[in-house]
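Raw upload.txt, compact mmCIF, C-alpha atoms:
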```txt
# COMPACT_ATOMS: atom_id res chain seq x y z
CA MET A 1 6.67 -4.43 28.76
CA LYS A 2 9.32 -5.86 26.47
CA ARG A 3 9.39 -4.80 22.84
CA GLU A 4 8.54 -8.36 21.72
CA GLU A 5 5.39 -8.24 23.85
CA THR A 6 3.93 -5.21 22.07
CA ILE A 7 1.42 -5.60 19.30
CA ASP A 8 2.93 -2.83 17.20
CA HIS A 9 6.32 -4.60 17.23
CA HIS A 10 4.83 -7.68 15.57
CA VAL A 11 2.79 -5.68 13.06
CA ARG A 12 5.79 -3.49 12.19
CA THR A 13 8.28 -6.35 11.82
CA ALA A 14 5.82 -8.34 9.69
CA TRP A 15 5.24 -5.32 7.46
CA HIS A 16 8.98 -4.67 7.14
CA GLY A 17 9.47 -8.28 6.05
CA ILE A 18 6.70 -8.01 3.46
CA SER A 19 8.03 -4.64 2.32
CA ARG A 20 11.55 -6.06 1.87
CA PHE A 21 10.12 -8.97 -0.13
CA TYR A 22 8.13 -6.64 -2.40
CA ASN A 23 11.11 -4.33 -2.90
CA GLN A 24 13.36 -7.29 -3.81
CA GLN A 25 10.84 -8.31 -6.45
CA ALA A 26 10.18 -4.77 -7.71
CA VAL A 27 13.86 -4.03 -8.25
CA LYS A 28 13.91 -6.82 -10.86
CA PHE A 29 11.62 -4.59 -12.93
CA GLY A 30 13.41 -1.32 -12.15
CA GLY A 31 10.84 -0.25 -9.59
CA THR A 32 10.09 -0.07 -5.90
CA MET A 33 7.29 -1.33 -3.71
CA SER A 34 5.86 2.20 -3.52
CA ILE A 35 5.78 2.50 -7.29
CA GLY A 36 4.13 -0.91 -7.52
CA PHE A 37 1.40 0.02 -5.05
CA ALA A 38 0.82 3.32 -6.84
CA LEU A 39 0.51 1.49 -10.18
CA LEU A 40 -2.05 -0.85 -8.63
CA THR A 41 -3.99 2.12 -7.25
CA ILE A 42 -4.28 3.91 -10.61
CA HIS A 43 -7.16 2.73 -12.79
CA GLY A 44 -5.76 1.21 -15.97
CA ASP A 45 -7.99 2.92 -18.54
CA GLU A 46 -9.86 5.78 -16.87
CA GLY A 47 -6.99 7.11 -14.82
CA THR A 48 -7.42 8.19 -11.22
CA PRO A 49 -7.74 11.67 -9.70
CA ALA A 50 -4.40 12.50 -8.09
CA THR A 51 -6.18 13.45 -4.85
CA LYS A 52 -7.57 9.90 -4.49
CA ILE A 53 -4.22 8.11 -4.70
CA ALA A 54 -2.57 9.25 -1.44
CA PRO A 55 -5.46 8.21 0.86
CA GLN A 56 -5.73 4.82 -0.84
CA MET A 57 -2.02 4.23 -0.28
CA GLY A 58 -1.87 5.69 3.22
CA LEU A 59 0.54 8.42 2.10
CA GLU A 60 0.85 12.08 2.90
CA PRO A 61 0.26 14.33 -0.14
CA ARG A 62 3.93 15.52 -0.11
CA SER A 63 5.18 11.95 -0.36
CA LEU A 64 2.77 11.24 -3.19
CA THR A 65 3.97 14.29 -5.11
CA ARG A 66 7.55 12.97 -5.02
CA LEU A 67 6.41 9.49 -5.96
CA LEU A 68 4.34 10.71 -8.91
CA LYS A 69 7.25 12.85 -10.12
CA SER A 70 9.52 9.81 -10.01
CA MET A 71 6.93 7.76 -11.90
CA GLU A 72 6.62 10.50 -14.54
CA ASP A 73 10.40 10.58 -14.92
CA LYS A 74 10.33 6.80 -15.49
CA LYS A 75 7.54 7.33 -18.05
CA LEU A 76 5.12 5.11 -16.12
CA ILE A 77 2.39 7.76 -15.81
CA ILE A 78 1.17 10.97 -17.33
CA ARG A 79 -0.94 13.64 -15.68
CA LYS A 80 -3.80 15.33 -17.51
CA ALA A 81 -6.48 17.82 -16.56
CA ASP A 82 -9.87 16.16 -16.11
CA LYS A 83 -12.09 16.60 -19.17
CA ILE A 84 -15.09 17.70 -17.08
CA ASP A 85 -13.48 19.46 -14.10
CA LYS A 86 -10.34 21.24 -15.32
CA ARG A 87 -9.27 21.88 -11.70
CA CYS A 88 -8.84 18.14 -11.17
CA VAL A 89 -5.72 16.34 -12.37
CA ARG A 90 -6.06 12.70 -13.38
CA VAL A 91 -3.15 10.29 -13.43
CA PHE A 92 -3.01 7.81 -16.31
CA LEU A 93 -0.77 4.82 -16.85
CA THR A 94 1.43 4.81 -19.93
CA ARG A 95 1.99 1.59 -21.89
CA ASP A 96 5.08 0.93 -19.72
CA GLY A 97 3.05 1.79 -16.63
CA LYS A 98 0.40 -0.76 -17.57
CA ARG A 99 3.07 -3.39 -18.14
CA GLN A 100 4.69 -2.62 -14.79
CA ARG A 101 1.25 -2.68 -13.17
CA GLU A 102 0.81 -6.26 -14.40
CA ASN A 103 4.21 -7.17 -12.93
CA ALA A 104 3.21 -5.64 -9.58
CA LYS A 105 -0.13 -7.45 -9.67
CA GLU A 106 1.61 -10.79 -10.30
CA ILE A 107 3.97 -10.23 -7.37
CA VAL A 108 1.12 -9.38 -4.98
CA ILE A 109 -1.01 -12.29 -6.16
CA ARG A 110 1.86 -14.76 -5.84
CA PHE A 111 2.69 -13.59 -2.31
CA ASN A 112 -0.95 -13.90 -1.28
CA GLU A 113 -1.16 -17.39 -2.83
CA LEU A 114 1.93 -18.41 -0.87
CA VAL A 115 0.47 -17.11 2.39
CA ARG A 116 -2.84 -18.90 1.71
CA GLU A 117 -0.98 -22.14 0.92
CA GLU A 118 0.96 -21.99 4.18
CA ILE A 119 -1.64 -20.61 6.60
CA PRO A 120 -5.06 -22.24 7.03
CA ALA A 121 -8.10 -20.13 6.06
CA GLN A 122 -9.46 -20.29 9.62
CA LYS A 123 -6.30 -18.67 11.01
CA LEU A 124 -6.28 -16.03 8.27
CA ASN A 125 -9.91 -15.15 9.00
CA ILE A 126 -9.08 -14.69 12.68
CA PHE A 127 -6.05 -12.58 11.71
CA PHE A 128 -8.21 -10.34 9.49
CA GLU A 129 -10.77 -9.94 12.26
CA VAL A 130 -8.12 -9.05 14.84
CA ILE A 131 -6.20 -6.65 12.58
CA GLN A 132 -9.45 -4.82 11.74
CA GLN A 133 -10.19 -4.42 15.45
CA ILE A 134 -6.68 -3.11 16.08
CA GLN A 135 -7.07 -0.66 13.20
CA ALA A 136 -10.39 0.55 14.60
CA LEU A 137 -8.82 1.00 18.05
CA SER A 138 -5.98 3.04 16.55
CA LYS A 139 -8.54 5.48 15.14
CA ARG A 140 -10.23 6.13 18.47
CA SER A 141 -9.66 9.60 19.82
CA ASP A 142 -10.37 8.76 23.45
CA ILE A 143 -7.50 6.32 24.01
CA TYR A 144 -5.39 8.72 26.06
CA LYS A 145 -8.08 10.79 27.73
CA LYS A 146 -7.54 8.87 30.95
CA GLN A 147 -4.38 9.90 32.73
CA LEU A 148 -1.45 7.58 32.00
CA THR A 149 0.17 6.20 35.14
CA ASN A 150 3.65 4.89 35.71
```
Could you write out this structure as structure tokens?
Amino acid sequence: MKREETIDHHVRTAWHGISRFYNQQAVKFGGTMSIGFALLTIHGDEGTPATKIAPQMGLEPRSLTRLLKSMEDKKLIIRKADKIDKRCVRVFLTRDGKRQRENAKEIVIRFNELVREEIPAQKLNIFFEVIQQIQALSKRSDIYKKQLTN
């Protein structure tokens, strides 16, 4: 099977293109795509438990720790102990973080508007259906139980 015939090749190259686009936009505001997605994941007023951010972004906890440290250094977030459960750390957006969150939101909305302008709703609905099925298949634990053959 050629690389261009694999499903993962098309998903990966599409995501890399989107990622490049988002990074090109984010750099205009002194950020990155990862920072933008983190800002969008953090609740604007109530903050978000730090343990909830990584799963929502599809990140490993170690990567999130580095990202949050970078965001603290840029004064986009602050971390505080939860008022009820002192063991829990909540992440809050600063004023700059809220402003950058709005920038990130605008970028995501505009990209999605562009896609919806260019691709008919019927095709997008089929795409969503197919990508959800692929995602479900990737979570199955029995995929490789049968012996692979050459």
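Candidate residues A:Ile107, A:Pro61, A:Asp45, A:Gln133 were compared for distance to Ile77 (chain A), and the nearest is A:Asp45, using all atoms listed in the file.
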Counting all atoms listed in the file, which residue out of A:Phe128, A:Leu64, A:Gln135, A:Ile42 sits closest to Glu102 (chain A)?
A:Ile42
If we count only C-alpha atoms, what is near Gly36 (chain A) at a cut-off of 8 Å, once residues fewer than 4 positions away on the same chain are taken out, given as a list in words?
Ala26, Gly31, Thr32, Leu40, Gln100, Arg101 and Ala104 of chain A
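For the residues A:Ala54, A:Ala136, A:Ile143, A:Val130, ranking by smallest atom-to-atom distance to Leu68 (chain A) using only C-alpha atoms places A:Ala54 first.
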What's the separation between CA of Ile18 (chain A) and CA of Val115 (chain A), in Å to one decimal place?
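Distance reported for this atom pair: 11.1 Å.
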Selection: 7 Å around region 85-96 of chain A, only C-alpha atoms, excl. self and same-chain fewer than 6 positions, as a count of residues only
10
CA of Phe37 (chain A) to CA of Asn125 (chain A): how many Å, to one decimal?
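Those two atoms sit 23.6 Å apart.
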Please compute the CA of Lys98 (chain A)-CA of Glu72 (chain A) distance, one decimal, in Å.
13.2 Å
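Applying the 10 Å criterion to (11.2, 1.1, -8.9) in file coordinates and using all atoms listed in the file, one obtains the residues Asn23, Gln25, Ala26, Val27, Lys28, Phe29, Gly30, Gly31, Thr32, Met33, Ser34, Ile35, Gly36, Ser70, Met71, Lys74 and Gln100 of chain A.
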From the options A:Leu124, A:Ile119, A:Ile131, A:Ile53, which residue's atoms come nearest to Thr65 (chain A), counting all atoms listed in the file?
A:Ile53
Option closest in space to Thr41 (chain A), from A:Gly97, A:Met1, A:Ile7, A:Arg62 [counting all atoms listed in the file]
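Looking only at the distances to Thr41 (chain A), the closest residue turns out to be A:Gly97.
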Out of A:Glu113, A:Ile126, A:Ala81, A:Ala38, which residue has the shortest atom-to-atom distance to Ser63 (chain A) when counting all atoms listed in the file?
A:Ala38
